[in-house]
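To keep things clear, I will list the structure first and then write my remarks on it.
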Amino acid sequence: MQNNLSLSAVSYMDGIWKALKECGLPVHSFLADQGGRCIAEHYHEPYGPNDLHRMFSVTKSFCSLAIGSLLADGKLSLEDHIVDYFPEYCLETIHPWLQEMTIRQMLSMETCYASTTYKVNMQSNWVESFFTTQPDHRSGQIFQYDTSSSHTLAALVKKLTGKGVLDYLREKFLDEIGFSKEAYIVKDPFGSEMGGSGLMAYPSDILKVGRYCLDTIQKGEGVFADYLRQAVSFQVPTVHSGQTIDEQQGYGYQFWQIRRGFSMYGMGGQYMLAYPQLDLVVVVTADTQNFKGGYQRILDLIYEHLTPLFQEISSQDNGFKQEPLMGWEAPALFSLRCRILPNGKGFTSMSLAIEEKEGSLTLKTEDQTFMIPFAFDALRISQIEKYHQRIAVKACWAAPNTLYLPVQIVGECVGSIHMLIHLEENNASIYMRKIEETYFNEFQGFFEAEKA
């Protein structure tokens with residue numbers, strides 16, 4: 001990294017801190033490291049450098065680092081089935097969608113569940129719930145944020161090492177980089193570490209781990225370094241589910257993609273933001289839970305202040321691969337007819353036809369047919385007859401075998417329906433999320449389809 005760029009980064013950090021203090025959100029700390037040197041460290045009362053902070057889902061990234069270390073130690077494979085490690089929790093008859101779930105799919109949040117399993121009944125064993133909850137769809141098809149996946153991965157670390165996630169990682173690298181002895185992970189009511197949300201640590205701890213990750217993906221060698229490069233890179237599309245622009249960039253292995261980089265990401269505004277092209281790590285802690293749009297505001301302020309720095313540099317090989325948000329190449333001709341498995345929501349069949357730059361999706365119930373035409377290079381406008389509302393759809397491929405249909409609803413029912421269709425040779429997994437107050441309830445949830 002050139003010295004003049006490093007000097008420029010220092011002055012920009014002051015601007016970011018000033019903007020964060022003035023944005024009206026309760027920001028607790030802001031730290032930055034460039035090239036292994038701390039170039040900013042600020043705190044806002046009542047928090048200071050000696051206060052442990054709840055990092056929430058940043059914990060997930062620590063679980064990922066522990067899984068990568070287990071992989072390097074030869075204690076597991078990412079293709080292992082999680083049920084094989086926890087037979088004591090499995091029912092006598094295991095649902096095939098659960099039986100097929102791999103550790104890799106858990107890392108990329110492609111489990112067979114539509115939501116966190118232990119939140120259904122938090123009085124039952126949280127780890128056990130991951131193996132006894134009825135699956136919603138096939139594993140390995142579509143991203144759906146699932147904190148119970150990370151919780152179970154933390155239990156796996158304990159089972160294979162006899163140590164908690166932090167204690168295991170202290171042996172691997174945390175002690176070496178000066179990670180605090182005081183940090184810990186909160187436990188659930190049954191004694192298992194809350195691997196999805198329980199980390200208590202200093203902001204400076206997170207900065208050190210971010211620097212370690214960035215150095216490892218840029219210069220590291222061996223199994224763990226290769227794993228980490230995969231972990232921070234695009235593995236699965238998230239365009240259908242992200243609450244912020246950055247959350248829609250994609251997901252790795254318990255790490256988020258962000259604009260021009262990757263992130264550890266926790267509820268309330270806990271961030272480790274890594275920008276490989278700038279050799280820069282930024283850490284923020286906050287509590288935006290009471291502020292709608294607070295996440296996006298923090299991320300936008302940081303990105304906007306860094307934009308001039310990105311304009312100074314050109315793309316370079318730095319161990320980090322960022323895929324396009326949308327617009328993957330896919331076959332120009334495609335046709336598939338499927339029966340939809342019983343789902344309690346009415347759809348019985350699906351057909352998808354694509355020819356060159358346009359196509360149509362047809363969904364049927366026992367007494368209704370919904371046709372949704374779309375195009376790839378422009379909005380395709382039509383009407384959903386049942387509701388007498390116009391719709392407009394410009395489709396894209398969110399991944400090579402994953403079609404994304406963002407359906408705009410035009411008229412009295414202003415809103416949208418987001419459809420993600422993961423296509424395999426003989427089946428399809430469909431996820432729909434409607435954002436509209438009153439109608440379109442059919443278009444909600446997961447659907448599994450098999451070739452007719």
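Just remember, in the structure tokens the first chain shown is A, the second B, etc., residues are 1-based per chain, and ligands are 1-based in the order shown.
Residues in contact with Leu299 in chain A at up to 10 Å, not including ones fewer than 5 positions away on its chain and judged by only C-alpha atoms, are Thr244, Ile245, Asp246, Ile258, Arg259, Gly269, Tyr271, Leu273, Val284, Gly294 and Glu304 of chain A.
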Please produce a file of those selected residues containing C-alpha atoms, as a compact mmCIF listing (two decimals), in the first residue's frame.
```txt
# COMPACT_ATOMS: atom_id res chain seq x y z
CA THR A 244 -29.53 -3.05 3.61
CA ILE A 245 -27.70 -2.60 0.32
CA ASP A 246 -24.67 -4.24 1.87
CA ILE A 258 -20.32 -5.71 1.66
CA ARG A 259 -19.58 -3.14 -1.01
CA GLY A 269 -24.73 -2.00 14.53
CA TYR A 271 -19.45 -4.28 12.55
CA LEU A 273 -15.72 -4.06 7.93
CA VAL A 284 -18.08 0.01 14.87
CA GLY A 294 -29.94 2.76 11.39
CA GLU A 304 -19.34 7.46 1.32
```
May I have a table of the residues of range 190-303 of chain A lying at most 12 Å from range 69-74 of chain A, giving each one's closest pair of atoms and their distance in Å to one decimal, counting only C-alpha atoms, ordered by chain and ascending residue number, as a tab-separated table?
```
residue	atom	partner	partner_atom	distance
A:Glu221	CA	A:Ala72	CA	11.3
A:Gly222	CA	A:Ala72	CA	8.0
A:Val223	CA	A:Ala72	CA	5.2
A:Phe224	CA	A:Ala72	CA	5.3
A:Ala225	CA	A:Ala72	CA	9.0
A:Asp226	CA	A:Ala72	CA	9.6
A:Tyr227	CA	A:Leu71	CA	8.3
A:Leu228	CA	A:Ser69	CA	9.6
```
So which residues touch Gly35 in chain A within 10 Å, counting only C-alpha atoms, skipping near sequence neighbours fewer than 2 positions away, as a compact mmCIF listing (two decimals) with C-alpha atoms, in the first residue's frame?
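Output file part_13.txt is given in full below:
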```
# COMPACT_ATOMS: atom_id res chain seq x y z
CA MET A 1 0.00 0.00 0.00
CA SER A 6 -2.10 5.52 4.14
CA ASP A 33 -6.51 -0.27 11.28
CA ARG A 37 -1.39 0.12 12.39
CA CYS A 38 -4.26 1.50 14.45
CA ILE A 39 -5.17 4.80 12.81
CA ARG A 211 -6.65 -7.51 10.82
CA LEU A 214 -7.31 -9.61 6.19
CA ASP A 215 -3.63 -10.55 6.50
CA LEU A 278 -7.40 -0.37 1.02
CA ASP A 279 -5.77 -2.85 3.44
CA LEU A 280 -8.21 -1.33 5.90
CA VAL A 281 -10.24 -2.74 8.81
```
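Here CA of Phe255 in chain A and CA of His28 in chain A stand 22.3 Å from one another.
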Legend entry - Those in range 202-443 of chain A with helix (DSSP H, G or I) from DSSP, as a ChimeraX atom specification: /A:203-219,223-231,246-249,276-278,294-312
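For the pair CA of Ile103 in chain A and CA of Ser192 in chain A, the interatomic distance is 18.5 Å.
Minimum atom-to-atom distance to Glu182 in chain A, evaluated using only C-alpha atoms, belongs to A:Asn50 out of A:Gln383, A:Thr365, A:Asn50, A:Gln248.
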Legend entry - 9 Å contact set for Phe347 in chain A, only C-alpha atoms, chain neighbours under 6 positions out, as a count of residues only: 10
Inset, instruction - Please provide as a ChimeraX atom specification all residues within 7 Å of Asp51 in chain A, with the sequence filter that same-chain residues fewer than 3 positions apart are discarded (counting only C-alpha atoms). - result: /A:47-48,202
Keeping only all heavy atoms, write the selected residues to a file as a short mmCIF file (atom, residue, chain, number, x, y, z; two decimals), in the first residue's frame.
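This went into out_20.cif:
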```cif
data_model
loop_
_atom_site.label_atom_id
_atom_site.label_comp_id
_atom_site.auth_asym_id
_atom_site.auth_seq_id
_atom_site.Cartn_x
_atom_site.Cartn_y
_atom_site.Cartn_z
N TYR A 47 -19.66 4.13 27.00
CA TYR A 47 -18.70 3.08 26.67
C TYR A 47 -17.29 3.65 26.56
O TYR A 47 -17.09 4.77 26.09
CB TYR A 47 -19.08 2.37 25.37
CG TYR A 47 -20.28 1.47 25.51
CD1 TYR A 47 -21.56 1.96 25.33
CD2 TYR A 47 -20.12 0.13 25.85
CE1 TYR A 47 -22.67 1.13 25.48
CE2 TYR A 47 -21.22 -0.71 26.00
CZ TYR A 47 -22.48 -0.20 25.82
OH TYR A 47 -23.57 -1.03 25.96
N GLY A 48 -16.31 2.83 26.97
CA GLY A 48 -14.91 3.19 26.85
C GLY A 48 -14.10 1.98 26.42
O GLY A 48 -14.65 0.88 26.21
N TYR A 202 -14.04 -6.72 23.68
CA TYR A 202 -13.69 -5.32 23.47
C TYR A 202 -13.71 -5.01 21.98
O TYR A 202 -13.35 -5.88 21.16
CB TYR A 202 -12.29 -5.02 24.03
CG TYR A 202 -12.13 -5.26 25.51
CD1 TYR A 202 -11.12 -6.10 25.98
CD2 TYR A 202 -12.95 -4.64 26.44
CE1 TYR A 202 -10.95 -6.33 27.33
CE2 TYR A 202 -12.79 -4.86 27.80
CZ TYR A 202 -11.78 -5.72 28.24
OH TYR A 202 -11.62 -5.94 29.59
#
```
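Listed by chain and then by rising number, the residues of range 81-326 of chain A that DSSP assigns to strand (DSSP E) from the backbone are Tyr184, Ile185, Leu199, Met200, Ala201, Trp256, Gln257, Ile258, Gly261, Phe262, Ser263, Met264, Tyr265, Gly266, Gln270, Tyr271, Met272, Leu273, Ala274, Tyr275, Leu280, Val281, Val282, Val283, Val284, Thr285 and Ala286 of chain A.
For the choices A:Lys208, A:Lys451, A:Arg138, A:Lys292, the atom-to-atom distance to Arg337 in chain A is smallest for A:Lys451 when using only C-alpha atoms.
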Can you tell me, as an mmCIF file with N, CA and C atoms, in the first residue's frame, what residues are no more than 7 Å from Gly445 in chain A when counting only C-alpha atoms, ignoring any on the same chain fewer than 2 positions away?
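New file selection39.cif:
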```
data_model
loop_
_atom_site.group_PDB
_atom_site.id
_atom_site.type_symbol
_atom_site.label_atom_id
_atom_site.label_comp_id
_atom_site.auth_asym_id
_atom_site.auth_seq_id
_atom_site.Cartn_x
_atom_site.Cartn_y
_atom_site.Cartn_z
ATOM 1 N N TYR A 431 -38.394 -19.611 -2.974
ATOM 2 C CA TYR A 431 -38.615 -18.798 -1.788
ATOM 3 C C TYR A 431 -39.329 -17.524 -2.213
ATOM 4 N N MET A 432 -40.394 -17.171 -1.491
ATOM 5 C CA MET A 432 -41.144 -15.960 -1.796
ATOM 6 C C MET A 432 -41.305 -15.126 -0.529
ATOM 7 N N ARG A 433 -41.167 -13.830 -0.695
ATOM 8 C CA ARG A 433 -41.387 -12.906 0.425
ATOM 9 C C ARG A 433 -42.175 -11.711 -0.100
ATOM 10 N N PHE A 443 -48.018 -15.695 -1.725
ATOM 11 C CA PHE A 443 -46.628 -15.523 -2.132
ATOM 12 C C PHE A 443 -45.742 -15.293 -0.907
ATOM 13 N N PHE A 447 -41.213 -23.236 -0.974
ATOM 14 C CA PHE A 447 -41.951 -24.243 -1.713
ATOM 15 C C PHE A 447 -40.938 -25.170 -2.391
#
```
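Distances from A:Trp126, A:Trp97, A:Tyr303, A:Trp397 to Tyr113 in chain A were compared using only C-alpha atoms, and the smallest one belongs to A:Trp97.
Taking only C-alpha atoms, the non-local environment of Ile421 in chain A within 10 Å (same-chain residues fewer than 6 positions away omitted) comprises Gln141, Ile142, Leu352, Trp397, Ala398, Asn401, Thr402, Leu403, Tyr404, Leu405, Ala428, Ser429, Ile430, Tyr431, Met432, Phe446, Phe447 and Glu448 of chain A.
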How about saving the chosen residues, C-alpha atoms kept, as a PDB file, in the first residue's frame?
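Dumped to again-v4.pdb:
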```pdb
ATOM      1  CA  GLN A 141     -30.786 -24.438  -2.009  1.00  0.00           C
ATOM      2  CA  ILE A 142     -31.562 -20.918  -0.767  1.00  0.00           C
ATOM      3  CA  LEU A 352     -40.898 -21.820 -15.966  1.00  0.00           C
ATOM      4  CA  TRP A 397     -29.697 -14.467 -12.349  1.00  0.00           C
ATOM      5  CA  ALA A 398     -28.550 -14.040  -8.738  1.00  0.00           C
ATOM      6  CA  ASN A 401     -28.674 -21.617 -11.215  1.00  0.00           C
ATOM      7  CA  THR A 402     -30.708 -19.157  -9.150  1.00  0.00           C
ATOM      8  CA  LEU A 403     -33.300 -16.888 -10.771  1.00  0.00           C
ATOM      9  CA  TYR A 404     -34.396 -13.737  -8.961  1.00  0.00           C
ATOM     10  CA  LEU A 405     -37.759 -12.143  -9.753  1.00  0.00           C
ATOM     11  CA  ALA A 428     -36.589 -26.596  -7.765  1.00  0.00           C
ATOM     12  CA  SER A 429     -36.689 -24.742  -4.456  1.00  0.00           C
ATOM     13  CA  ILE A 430     -38.703 -21.529  -4.383  1.00  0.00           C
ATOM     14  CA  TYR A 431     -38.615 -18.798  -1.788  1.00  0.00           C
ATOM     15  CA  MET A 432     -41.144 -15.960  -1.796  1.00  0.00           C
ATOM     16  CA  PHE A 446     -40.654 -21.842   0.918  1.00  0.00           C
ATOM     17  CA  PHE A 447     -41.951 -24.243  -1.713  1.00  0.00           C
ATOM     18  CA  GLU A 448     -40.351 -27.444  -2.970  1.00  0.00           C
TER      19      GLU A 448
END
```
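Distance annotation: of A:Met101, A:Val283, A:Met106, A:Leu52, the residue with the minimal separation from Leu199 in chain A is A:Leu52; atom set is only C-alpha atoms.
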